[in-house]
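Engineer: Sharing a structure, written as structure tokens. Questions coming.
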Protein chains: 2
Amino acid sequence: MCESKFVPTFSSSEAAEAAFYAAFANCDLYAMDVVWADAEVICIHPGSSALIGRKVVMRSWSNILTNAEPPTLKVEVLSRILRDDLAVHVVEEHISPVTGSPEPTSVVLVTNVYCLEADGWRLLEHHASMPRPKQTTH
Amino acid sequence: MCESKFVPTFSSSEAAEAAFYAAFANCDLYAMDVVWADAEVICIHPGSSALIGRKVVMRSWSNILTNAEPPTLKVEVLSRILRDDLAVHVVEEHISPVTGSPEPTSVVLVTNVYCLEADGWRLLEHHASMPRPKQTTH
């Protein structure tokens, strides 16, 4: 008998974002996979080059989430732009590597782009960067 | 007699992006100002925190462009997503600080978000980050 897994439907970009951060916080690779769009996706991890396409993006998340300790993760929304079938959220992630870790919390600035696909809202782009302690510009 | 300045209309997100990078390359603060949207804008310079609102964003560009030597700037498009009135472009900027400078070219990864306003396409968000030489992830 085939085992079928439940594939959730996200009725808004906010729901897709909540699922993305729940997957991240729980180190749940399956949940992370289903939140990404079927379209050509892009992921820029902090300090990294751009990963383009589902295969390479999901491999990066597999490296991050597999055998990892669930991080303590808080997300602060800075901006949300919503049109009919495209949404752009700018958020600040506050990440402590492991629950109870003495390491300082990292702040990561993120632009998340969501699109409405046939089965609901999905993550299309994740661009993350870390501000340096000393502020600089271009 | 009042002097009125020409305010260009950008008929596409590509046209707005070309104007943004022309303003950057020419250190033209007026041209930079008119390409940004009237809506609440966001700008994240490499390594910086998020600047929110026209006033603080334009102040940052004034600091960057005023009395600056025009950089040599090449832009490579990685991805363009276009919906009715919102567009997301992911590009790589290749910036040499001054024409003929011996300094190495910087590569900056950028997500540019454009929106269609009453008078054409404008820049709504600019999120720039620099990849580190050694690749790391979250």
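Simple scheme: letters A, B, ... for chains in structure tokens order, numbers from 1 for residues in each chain, numbers from 1 for ligands in the order shown.
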Quick one: everything within 9 Å of range 35-48 of chain B, counting only C-alpha atoms, minus sequence neighbours fewer than 5 positions away in the same chain. Send it as a VMD selection string.
Structural biologist: (chain A and resid 79 90 109 129 to 138) or (chain B and resid 8 to 10 16 to 17 19 to 20 23 30 53 to 54 57 to 58 60 108 to 109 114 to 117 121 to 130)
Engineer: Those residues with N, CA and C atoms, as a tab-separated table (two decimals), in the first residue's frame please?
Structural biologist:
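Final output, saved to out.tsv:
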```
chain	number	residue	atom	x	y	z
A	79	SER	N	7.85	44.68	6.96
A	79	SER	CA	7.02	45.18	5.86
A	79	SER	C	6.34	44.02	5.15
A	90	VAL	N	9.33	41.63	4.25
A	90	VAL	CA	10.68	41.89	4.78
A	90	VAL	C	10.60	41.64	6.28
A	109	LEU	N	18.44	39.75	8.27
A	109	LEU	CA	17.44	40.50	7.50
A	109	LEU	C	17.03	39.69	6.29
A	129	SER	N	20.42	38.22	4.72
A	129	SER	CA	21.74	38.83	4.92
A	129	SER	C	21.88	39.27	6.36
A	130	MET	N	23.13	39.30	6.82
A	130	MET	CA	23.38	39.69	8.21
A	130	MET	C	23.99	41.08	8.26
A	131	PRO	N	23.36	41.99	9.01
A	131	PRO	CA	23.99	43.30	9.17
A	131	PRO	C	25.28	43.17	9.98
A	132	ARG	N	26.30	43.91	9.54
A	132	ARG	CA	27.55	43.94	10.31
A	132	ARG	C	27.33	44.86	11.51
A	133	PRO	N	28.09	44.63	12.61
A	133	PRO	CA	27.95	45.52	13.76
A	133	PRO	C	28.17	46.98	13.38
A	134	LYS	N	29.21	47.23	12.53
A	134	LYS	CA	29.46	48.60	12.10
A	134	LYS	C	28.70	48.81	10.79
A	135	GLN	N	27.84	49.85	10.78
A	135	GLN	CA	27.00	50.10	9.61
A	135	GLN	C	27.83	50.66	8.46
A	136	THR	N	27.68	50.05	7.29
A	136	THR	CA	28.30	50.58	6.08
A	136	THR	C	27.26	50.54	4.97
A	137	THR	N	27.59	51.24	3.90
A	137	THR	CA	26.68	51.25	2.77
A	137	THR	C	27.44	50.80	1.53
A	138	HIS	N	26.80	50.89	0.39
A	138	HIS	CA	27.40	50.44	-0.87
A	138	HIS	C	28.82	50.95	-1.04
B	8	PRO	N	10.72	61.59	-15.20
B	8	PRO	CA	10.50	60.53	-16.19
B	8	PRO	C	9.42	59.55	-15.74
B	9	THR	N	8.81	58.91	-16.72
B	9	THR	CA	7.85	57.84	-16.45
B	9	THR	C	8.47	56.53	-16.93
B	10	PHE	N	8.43	55.52	-16.08
B	10	PHE	CA	9.02	54.24	-16.44
B	10	PHE	C	7.89	53.27	-16.80
B	16	ALA	N	12.57	51.00	-15.05
B	16	ALA	CA	12.87	51.59	-13.74
B	16	ALA	C	14.22	51.08	-13.24
B	17	GLU	N	14.51	49.81	-13.49
B	17	GLU	CA	15.80	49.25	-13.04
B	17	GLU	C	16.97	49.90	-13.81
B	19	ALA	N	17.01	52.86	-14.99
B	19	ALA	CA	17.15	54.22	-14.47
B	19	ALA	C	17.83	54.21	-13.10
B	20	PHE	N	17.51	53.21	-12.29
B	20	PHE	CA	18.14	53.10	-10.97
B	20	PHE	C	19.65	52.94	-11.12
B	23	ALA	N	21.37	56.05	-12.48
B	23	ALA	CA	21.52	57.05	-11.42
B	23	ALA	C	22.69	56.70	-10.50
B	30	TYR	N	19.31	63.28	-8.04
B	30	TYR	CA	17.96	63.60	-8.50
B	30	TYR	C	17.35	62.42	-9.25
B	53	GLY	N	11.28	53.93	4.76
B	53	GLY	CA	10.72	55.26	4.53
B	53	GLY	C	11.60	56.07	3.60
B	54	ARG	N	10.95	56.91	2.80
B	54	ARG	CA	11.64	57.67	1.75
B	54	ARG	C	12.75	58.56	2.29
B	57	VAL	N	15.85	56.59	3.46
B	57	VAL	CA	16.44	55.89	2.30
B	57	VAL	C	17.17	56.89	1.41
B	58	MET	N	16.52	58.03	1.13
B	58	MET	CA	17.17	59.01	0.24
B	58	MET	C	18.37	59.66	0.91
B	60	SER	N	20.42	58.07	2.80
B	60	SER	CA	21.51	57.10	2.62
B	60	SER	C	22.10	57.20	1.21
B	108	VAL	N	27.81	42.16	-5.61
B	108	VAL	CA	26.73	42.38	-4.65
B	108	VAL	C	25.47	41.70	-5.19
B	109	LEU	N	24.85	40.90	-4.36
B	109	LEU	CA	23.59	40.24	-4.74
B	109	LEU	C	22.42	41.11	-4.32
B	114	TYR	N	9.82	46.19	-7.61
B	114	TYR	CA	9.22	47.35	-8.28
B	114	TYR	C	7.70	47.25	-8.21
B	115	CYS	N	7.06	48.42	-8.11
B	115	CYS	CA	5.59	48.45	-8.12
B	115	CYS	C	5.12	49.45	-9.17
B	116	LEU	N	3.94	49.20	-9.67
B	116	LEU	CA	3.34	50.11	-10.65
B	116	LEU	C	2.52	51.14	-9.89
B	117	GLU	N	2.97	52.41	-9.95
B	117	GLU	CA	2.21	53.49	-9.32
B	117	GLU	C	1.45	54.25	-10.41
B	121	TRP	N	6.27	52.62	-13.25
B	121	TRP	CA	6.94	51.68	-12.36
B	121	TRP	C	8.00	52.40	-11.54
B	122	ARG	N	8.07	52.05	-10.26
B	122	ARG	CA	9.05	52.65	-9.34
B	122	ARG	C	9.65	51.56	-8.46
B	123	LEU	N	10.78	51.91	-7.88
B	123	LEU	CA	11.49	50.98	-7.00
B	123	LEU	C	10.90	51.05	-5.59
B	124	LEU	N	10.54	49.89	-5.07
B	124	LEU	CA	9.88	49.82	-3.77
B	124	LEU	C	10.83	49.27	-2.70
B	125	GLU	N	11.66	48.31	-3.10
B	125	GLU	CA	12.62	47.74	-2.15
B	125	GLU	C	13.92	47.39	-2.86
B	126	HIS	N	15.03	47.63	-2.16
B	126	HIS	CA	16.37	47.26	-2.66
B	126	HIS	C	17.06	46.56	-1.50
B	127	HIS	N	17.29	45.27	-1.66
B	127	HIS	CA	17.96	44.47	-0.61
B	127	HIS	C	19.27	43.96	-1.20
B	128	ALA	N	20.38	44.47	-0.69
B	128	ALA	CA	21.70	44.13	-1.23
B	128	ALA	C	22.54	43.43	-0.18
B	129	SER	N	23.27	42.41	-0.60
B	129	SER	CA	24.17	41.71	0.32
B	129	SER	C	25.38	41.21	-0.44
B	130	MET	N	26.48	41.09	0.28
B	130	MET	CA	27.73	40.64	-0.35
B	130	MET	C	28.03	39.21	0.07
```
Engineer: Please report the interatomic distance between CA of Leu78 in chain A and CA of Glu92 in chain A in Å with one decimal.
Structural biologist: 7.0 Å
Engineer: Quick one: pull the distance between CA of Ile52 in chain B and CA of Val77 in chain B, Å, one decimal.
Structural biologist: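 Value for the CA of Ile52 in chain B-CA of Val77 in chain B distance: 25.0 Å.
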Engineer: Figure out the distance between CA of Val56 in chain A and CA of Met32 in chain A, please, to one decimal in Å.
Structural biologist: 13.6 Å
Engineer: So, with only C-alpha atoms as the atoms that count, which of B:Thr111, B:Val34, B:Ser49, B:Val7 lies closest to Arg80 in chain B?
Structural biologist: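 Of all the options, B:Thr111 lies closest to Arg80 in chain B.
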Engineer: Return as a ChimeraX atom specification the full set of residues in range 28-126 of chain B whose backbone-based DSSP assignment is strand (DSSP E).
Structural biologist: /B:42-44,50-52,72-82,86-96,106-117,120-126
Engineer: Rank nothing, just name the residue among B:Val98, B:Arg59, B:Ala50, B:Lys74 nearest to chain A, using only C-alpha atoms.
Structural biologist: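 Comparing B:Val98, B:Arg59, B:Ala50, B:Lys74 against chain A, the winner is B:Ala50.
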Engineer: Could you pull out the residues in range 15-98 of chain B that DSSP calls alpha helix (DSSP H) from the backbone, as an mmCIF file with all heavy atoms, in the first residue's frame?
Structural biologist:
```cif
data_model
loop_
_atom_site.group_PDB
_atom_site.id
_atom_site.type_symbol
_atom_site.label_atom_id
_atom_site.label_comp_id
_atom_site.auth_asym_id
_atom_site.auth_seq_id
_atom_site.Cartn_x
_atom_site.Cartn_y
_atom_site.Cartn_z
ATOM 1 N N ALA B 15 12.631 49.232 -17.199
ATOM 2 C CA ALA B 15 12.980 50.639 -17.423
ATOM 3 C C ALA B 15 13.329 51.324 -16.105
ATOM 4 O O ALA B 15 14.288 52.110 -16.021
ATOM 5 C CB ALA B 15 11.824 51.366 -18.108
ATOM 6 N N ALA B 16 12.573 51.005 -15.053
ATOM 7 C CA ALA B 16 12.869 51.589 -13.738
ATOM 8 C C ALA B 16 14.225 51.082 -13.244
ATOM 9 O O ALA B 16 15.017 51.839 -12.665
ATOM 10 C CB ALA B 16 11.757 51.230 -12.751
ATOM 11 N N GLU B 17 14.513 49.808 -13.487
ATOM 12 C CA GLU B 17 15.804 49.254 -13.044
ATOM 13 C C GLU B 17 16.966 49.899 -13.810
ATOM 14 O O GLU B 17 18.002 50.227 -13.217
ATOM 15 C CB GLU B 17 15.839 47.736 -13.228
ATOM 16 C CG GLU B 17 17.110 47.114 -12.676
ATOM 17 C CD GLU B 17 16.866 45.693 -12.199
ATOM 18 O OE1 GLU B 17 16.479 45.508 -11.039
ATOM 19 O OE2 GLU B 17 17.050 44.767 -13.008
ATOM 20 N N ALA B 18 16.781 50.091 -15.105
ATOM 21 C CA ALA B 18 17.834 50.745 -15.890
ATOM 22 C C ALA B 18 18.090 52.154 -15.358
ATOM 23 O O ALA B 18 19.240 52.597 -15.255
ATOM 24 C CB ALA B 18 17.429 50.781 -17.359
ATOM 25 N N ALA B 19 17.011 52.855 -14.989
ATOM 26 C CA ALA B 19 17.151 54.220 -14.466
ATOM 27 C C ALA B 19 17.831 54.212 -13.103
ATOM 28 O O ALA B 19 18.661 55.086 -12.793
ATOM 29 C CB ALA B 19 15.769 54.872 -14.360
ATOM 30 N N PHE B 20 17.508 53.213 -12.287
ATOM 31 C CA PHE B 20 18.142 53.103 -10.967
ATOM 32 C C PHE B 20 19.651 52.937 -11.117
ATOM 33 O O PHE B 20 20.445 53.640 -10.475
ATOM 34 C CB PHE B 20 17.533 51.919 -10.202
ATOM 35 C CG PHE B 20 18.268 51.558 -8.933
ATOM 36 C CD1 PHE B 20 18.147 52.345 -7.794
ATOM 37 C CD2 PHE B 20 19.092 50.442 -8.876
ATOM 38 C CE1 PHE B 20 18.830 52.025 -6.624
ATOM 39 C CE2 PHE B 20 19.777 50.115 -7.719
ATOM 40 C CZ PHE B 20 19.644 50.909 -6.584
ATOM 41 N N TYR B 21 20.056 52.013 -11.987
ATOM 42 C CA TYR B 21 21.494 51.758 -12.113
ATOM 43 C C TYR B 21 22.220 52.883 -12.864
ATOM 44 O O TYR B 21 23.397 53.138 -12.612
ATOM 45 C CB TYR B 21 21.737 50.373 -12.723
ATOM 46 C CG TYR B 21 21.507 49.312 -11.672
ATOM 47 C CD1 TYR B 21 20.446 48.426 -11.748
ATOM 48 C CD2 TYR B 21 22.338 49.247 -10.543
ATOM 49 C CE1 TYR B 21 20.215 47.487 -10.745
ATOM 50 C CE2 TYR B 21 22.106 48.322 -9.538
ATOM 51 C CZ TYR B 21 21.054 47.443 -9.648
ATOM 52 O OH TYR B 21 20.827 46.539 -8.638
ATOM 53 N N ALA B 22 21.513 53.589 -13.762
ATOM 54 C CA ALA B 22 22.117 54.759 -14.407
ATOM 55 C C ALA B 22 22.357 55.854 -13.366
ATOM 56 O O ALA B 22 23.420 56.493 -13.349
ATOM 57 C CB ALA B 22 21.207 55.260 -15.522
ATOM 58 N N ALA B 23 21.369 56.046 -12.476
ATOM 59 C CA ALA B 23 21.521 57.049 -11.417
ATOM 60 C C ALA B 23 22.693 56.695 -10.499
ATOM 61 O O ALA B 23 23.481 57.557 -10.100
ATOM 62 C CB ALA B 23 20.224 57.151 -10.611
ATOM 63 N N PHE B 24 22.808 55.419 -10.165
ATOM 64 C CA PHE B 24 23.889 54.931 -9.306
ATOM 65 C C PHE B 24 25.239 55.152 -10.005
ATOM 66 O O PHE B 24 26.187 55.724 -9.442
ATOM 67 C CB PHE B 24 23.639 53.444 -9.027
ATOM 68 C CG PHE B 24 24.470 52.814 -7.946
ATOM 69 C CD1 PHE B 24 24.237 51.487 -7.573
ATOM 70 C CD2 PHE B 24 25.481 53.505 -7.290
ATOM 71 C CE1 PHE B 24 24.990 50.877 -6.583
ATOM 72 C CE2 PHE B 24 26.244 52.895 -6.288
ATOM 73 C CZ PHE B 24 26.001 51.588 -5.949
ATOM 74 N N ALA B 25 25.320 54.722 -11.261
ATOM 75 C CA ALA B 25 26.593 54.807 -11.998
ATOM 76 C C ALA B 25 27.015 56.252 -12.248
ATOM 77 O O ALA B 25 28.214 56.551 -12.318
ATOM 78 C CB ALA B 25 26.468 54.050 -13.324
ATOM 79 N N LEU B 29 21.844 62.104 -7.820
ATOM 80 C CA LEU B 29 20.900 61.968 -6.703
ATOM 81 C C LEU B 29 19.467 62.295 -7.133
ATOM 82 O O LEU B 29 18.515 61.657 -6.670
ATOM 83 C CB LEU B 29 21.330 62.871 -5.537
ATOM 84 C CG LEU B 29 20.548 62.698 -4.243
ATOM 85 C CD1 LEU B 29 20.611 61.275 -3.715
ATOM 86 C CD2 LEU B 29 21.049 63.676 -3.185
ATOM 87 N N TYR B 30 19.307 63.276 -8.036
ATOM 88 C CA TYR B 30 17.956 63.601 -8.498
ATOM 89 C C TYR B 30 17.349 62.416 -9.245
ATOM 90 O O TYR B 30 16.204 62.015 -8.999
ATOM 91 C CB TYR B 30 17.960 64.855 -9.385
ATOM 92 C CG TYR B 30 16.602 65.121 -9.967
ATOM 93 C CD1 TYR B 30 15.588 65.687 -9.196
ATOM 94 C CD2 TYR B 30 16.301 64.758 -11.283
ATOM 95 C CE1 TYR B 30 14.316 65.887 -9.711
ATOM 96 C CE2 TYR B 30 15.029 64.953 -11.805
ATOM 97 C CZ TYR B 30 14.047 65.527 -11.009
ATOM 98 O OH TYR B 30 12.796 65.717 -11.531
ATOM 99 N N ALA B 31 18.122 61.847 -10.139
ATOM 100 C CA ALA B 31 17.631 60.687 -10.900
ATOM 101 C C ALA B 31 17.346 59.510 -9.966
ATOM 102 O O ALA B 31 16.400 58.747 -10.184
ATOM 103 C CB ALA B 31 18.654 60.292 -11.964
ATOM 104 N N MET B 32 18.175 59.368 -8.931
ATOM 105 C CA MET B 32 17.941 58.301 -7.951
ATOM 106 C C MET B 32 16.630 58.542 -7.213
ATOM 107 O O MET B 32 15.849 57.618 -6.981
ATOM 108 C CB MET B 32 19.123 58.241 -6.962
ATOM 109 C CG MET B 32 18.986 57.220 -5.856
ATOM 110 S SD MET B 32 18.827 55.513 -6.460
ATOM 111 C CE MET B 32 20.525 55.126 -6.892
ATOM 112 N N ASP B 33 16.371 59.791 -6.867
ATOM 113 C CA ASP B 33 15.164 60.122 -6.105
ATOM 114 C C ASP B 33 13.894 59.774 -6.891
ATOM 115 O O ASP B 33 12.961 59.189 -6.332
ATOM 116 C CB ASP B 33 15.171 61.617 -5.756
ATOM 117 C CG ASP B 33 14.017 61.984 -4.851
ATOM 118 O OD1 ASP B 33 14.156 61.828 -3.627
ATOM 119 O OD2 ASP B 33 12.967 62.391 -5.369
ATOM 120 N N VAL B 34 13.877 60.109 -8.174
ATOM 121 C CA VAL B 34 12.625 59.933 -8.926
ATOM 122 C C VAL B 34 12.329 58.472 -9.246
ATOM 123 O O VAL B 34 11.192 58.125 -9.565
ATOM 124 C CB VAL B 34 12.575 60.782 -10.227
ATOM 125 C CG1 VAL B 34 12.637 62.269 -9.885
ATOM 126 C CG2 VAL B 34 13.663 60.401 -11.205
ATOM 127 N N VAL B 35 13.336 57.609 -9.151
ATOM 128 C CA VAL B 35 13.087 56.197 -9.465
ATOM 129 C C VAL B 35 12.424 55.468 -8.283
ATOM 130 O O VAL B 35 11.767 54.437 -8.482
ATOM 131 C CB VAL B 35 14.384 55.486 -9.909
ATOM 132 C CG1 VAL B 35 15.213 55.023 -8.736
ATOM 133 C CG2 VAL B 35 14.074 54.313 -10.834
ATOM 134 N N ARG B 54 10.950 56.905 2.803
ATOM 135 C CA ARG B 54 11.639 57.665 1.748
ATOM 136 C C ARG B 54 12.750 58.560 2.288
ATOM 137 O O ARG B 54 13.828 58.656 1.714
ATOM 138 C CB ARG B 54 10.610 58.542 1.033
ATOM 139 C CG ARG B 54 10.395 58.095 -0.401
ATOM 140 C CD ARG B 54 9.628 59.117 -1.209
ATOM 141 N NE ARG B 54 9.869 58.854 -2.618
ATOM 142 C CZ ARG B 54 10.908 59.320 -3.273
ATOM 143 N NH1 ARG B 54 11.804 60.092 -2.669
ATOM 144 N NH2 ARG B 54 11.078 59.024 -4.549
ATOM 145 N N LYS B 55 12.466 59.224 3.412
ATOM 146 C CA LYS B 55 13.402 60.232 3.915
ATOM 147 C C LYS B 55 14.752 59.595 4.274
ATOM 148 O O LYS B 55 15.810 60.054 3.842
ATOM 149 C CB LYS B 55 12.779 60.906 5.150
ATOM 150 C CG LYS B 55 13.465 62.180 5.565
ATOM 151 C CD LYS B 55 12.659 62.869 6.672
ATOM 152 C CE LYS B 55 13.398 64.085 7.214
ATOM 153 N NZ LYS B 55 12.627 64.734 8.292
ATOM 154 N N VAL B 56 14.699 58.521 5.043
ATOM 155 C CA VAL B 56 15.936 57.893 5.504
ATOM 156 C C VAL B 56 16.626 57.147 4.354
ATOM 157 O O VAL B 56 17.860 57.118 4.276
ATOM 158 C CB VAL B 56 15.662 56.986 6.734
ATOM 159 C CG1 VAL B 56 14.803 55.795 6.371
ATOM 160 C CG2 VAL B 56 16.936 56.528 7.393
ATOM 161 N N VAL B 57 15.848 56.589 3.456
ATOM 162 C CA VAL B 57 16.442 55.887 2.300
ATOM 163 C C VAL B 57 17.169 56.886 1.407
ATOM 164 O O VAL B 57 18.316 56.662 0.980
ATOM 165 C CB VAL B 57 15.366 55.115 1.502
ATOM 166 C CG1 VAL B 57 15.911 54.637 0.166
ATOM 167 C CG2 VAL B 57 14.850 53.938 2.320
ATOM 168 N N MET B 58 16.525 58.028 1.126
ATOM 169 C CA MET B 58 17.170 59.009 0.240
ATOM 170 C C MET B 58 18.374 59.657 0.914
ATOM 171 O O MET B 58 19.353 60.002 0.244
ATOM 172 C CB MET B 58 16.166 60.060 -0.227
ATOM 173 C CG MET B 58 15.113 59.534 -1.200
ATOM 174 S SD MET B 58 15.769 58.403 -2.486
ATOM 175 C CE MET B 58 17.000 59.440 -3.276
ATOM 176 N N ARG B 59 18.339 59.778 2.238
ATOM 177 C CA ARG B 59 19.503 60.311 2.940
ATOM 178 C C ARG B 59 20.698 59.372 2.755
ATOM 179 O O ARG B 59 21.829 59.800 2.572
ATOM 180 C CB ARG B 59 19.189 60.513 4.431
ATOM 181 C CG ARG B 59 20.255 61.353 5.144
ATOM 182 C CD ARG B 59 19.996 61.436 6.649
ATOM 183 N NE ARG B 59 18.692 61.976 6.941
ATOM 184 C CZ ARG B 59 17.845 61.484 7.856
ATOM 185 N NH1 ARG B 59 18.187 60.420 8.566
ATOM 186 N NH2 ARG B 59 16.686 62.039 8.072
ATOM 187 N N SER B 60 20.417 58.071 2.797
ATOM 188 C CA SER B 60 21.511 57.100 2.620
ATOM 189 C C SER B 60 22.105 57.205 1.215
ATOM 190 O O SER B 60 23.323 57.137 1.033
ATOM 191 C CB SER B 60 21.019 55.671 2.887
ATOM 192 O OG SER B 60 20.241 55.168 1.811
ATOM 193 N N TRP B 61 21.239 57.394 0.210
ATOM 194 C CA TRP B 61 21.752 57.531 -1.158
ATOM 195 C C TRP B 61 22.475 58.853 -1.352
ATOM 196 O O TRP B 61 23.441 58.935 -2.121
ATOM 197 C CB TRP B 61 20.632 57.341 -2.180
ATOM 198 C CG TRP B 61 20.284 55.897 -2.335
ATOM 199 C CD1 TRP B 61 19.193 55.254 -1.831
ATOM 200 C CD2 TRP B 61 21.079 54.889 -2.978
ATOM 201 N NE1 TRP B 61 19.254 53.907 -2.128
ATOM 202 C CE2 TRP B 61 20.399 53.653 -2.835
ATOM 203 C CE3 TRP B 61 22.297 54.899 -3.653
ATOM 204 C CZ2 TRP B 61 20.904 52.451 -3.346
ATOM 205 C CZ3 TRP B 61 22.805 53.705 -4.170
ATOM 206 C CH2 TRP B 61 22.104 52.501 -4.012
ATOM 207 N N SER B 62 22.043 59.879 -0.645
ATOM 208 C CA SER B 62 22.758 61.151 -0.691
ATOM 209 C C SER B 62 24.176 60.968 -0.142
ATOM 210 O O SER B 62 25.149 61.459 -0.716
ATOM 211 C CB SER B 62 21.994 62.199 0.118
ATOM 212 O OG SER B 62 22.740 63.395 0.198
ATOM 213 N N ASN B 63 24.293 60.221 0.952
ATOM 214 C CA ASN B 63 25.624 59.947 1.524
ATOM 215 C C ASN B 63 26.501 59.164 0.551
ATOM 216 O O ASN B 63 27.705 59.375 0.475
ATOM 217 C CB ASN B 63 25.492 59.151 2.835
ATOM 218 C CG ASN B 63 24.887 59.979 3.952
ATOM 219 O OD1 ASN B 63 24.927 61.209 3.909
ATOM 220 N ND2 ASN B 63 24.318 59.320 4.950
ATOM 221 N N ILE B 64 25.876 58.244 -0.183
ATOM 222 C CA ILE B 64 26.642 57.395 -1.103
ATOM 223 C C ILE B 64 27.064 58.162 -2.356
ATOM 224 O O ILE B 64 28.202 58.054 -2.821
ATOM 225 C CB ILE B 64 25.793 56.161 -1.505
ATOM 226 C CG1 ILE B 64 25.599 55.236 -0.299
ATOM 227 C CG2 ILE B 64 26.442 55.389 -2.666
ATOM 228 C CD1 ILE B 64 24.505 54.186 -0.501
ATOM 229 N N LEU B 65 26.149 58.981 -2.883
ATOM 230 C CA LEU B 65 26.368 59.559 -4.216
ATOM 231 C C LEU B 65 27.018 60.938 -4.209
ATOM 232 O O LEU B 65 27.642 61.322 -5.206
ATOM 233 C CB LEU B 65 25.027 59.643 -4.972
ATOM 234 C CG LEU B 65 24.265 58.320 -5.177
ATOM 235 C CD1 LEU B 65 22.964 58.562 -5.919
ATOM 236 C CD2 LEU B 65 25.126 57.302 -5.924
#
```
Engineer: Residues near Ser96 in chain B, anyone? I mean within 6 Å using only C-alpha atoms, not counting same-chain ones fewer than 6 positions away, as a PyMOL selection string.
Structural biologist: chain B and resi 71-72+105
Engineer: Keeping only C-alpha atoms, write the selected residues to a file as an mmCIF file, in the first residue's frame.
Structural biologist:
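The resulting file, again22.cif, is shown below:
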```cif
data_model
loop_
_atom_site.group_PDB
_atom_site.id
_atom_site.type_symbol
_atom_site.label_atom_id
_atom_site.label_comp_id
_atom_site.auth_asym_id
_atom_site.auth_seq_id
_atom_site.Cartn_x
_atom_site.Cartn_y
_atom_site.Cartn_z
ATOM 1 C CA PRO B 71 31.737 53.677 -10.117
ATOM 2 C CA THR B 72 32.069 51.241 -12.964
ATOM 3 C CA THR B 105 35.463 44.404 -8.379
#
```
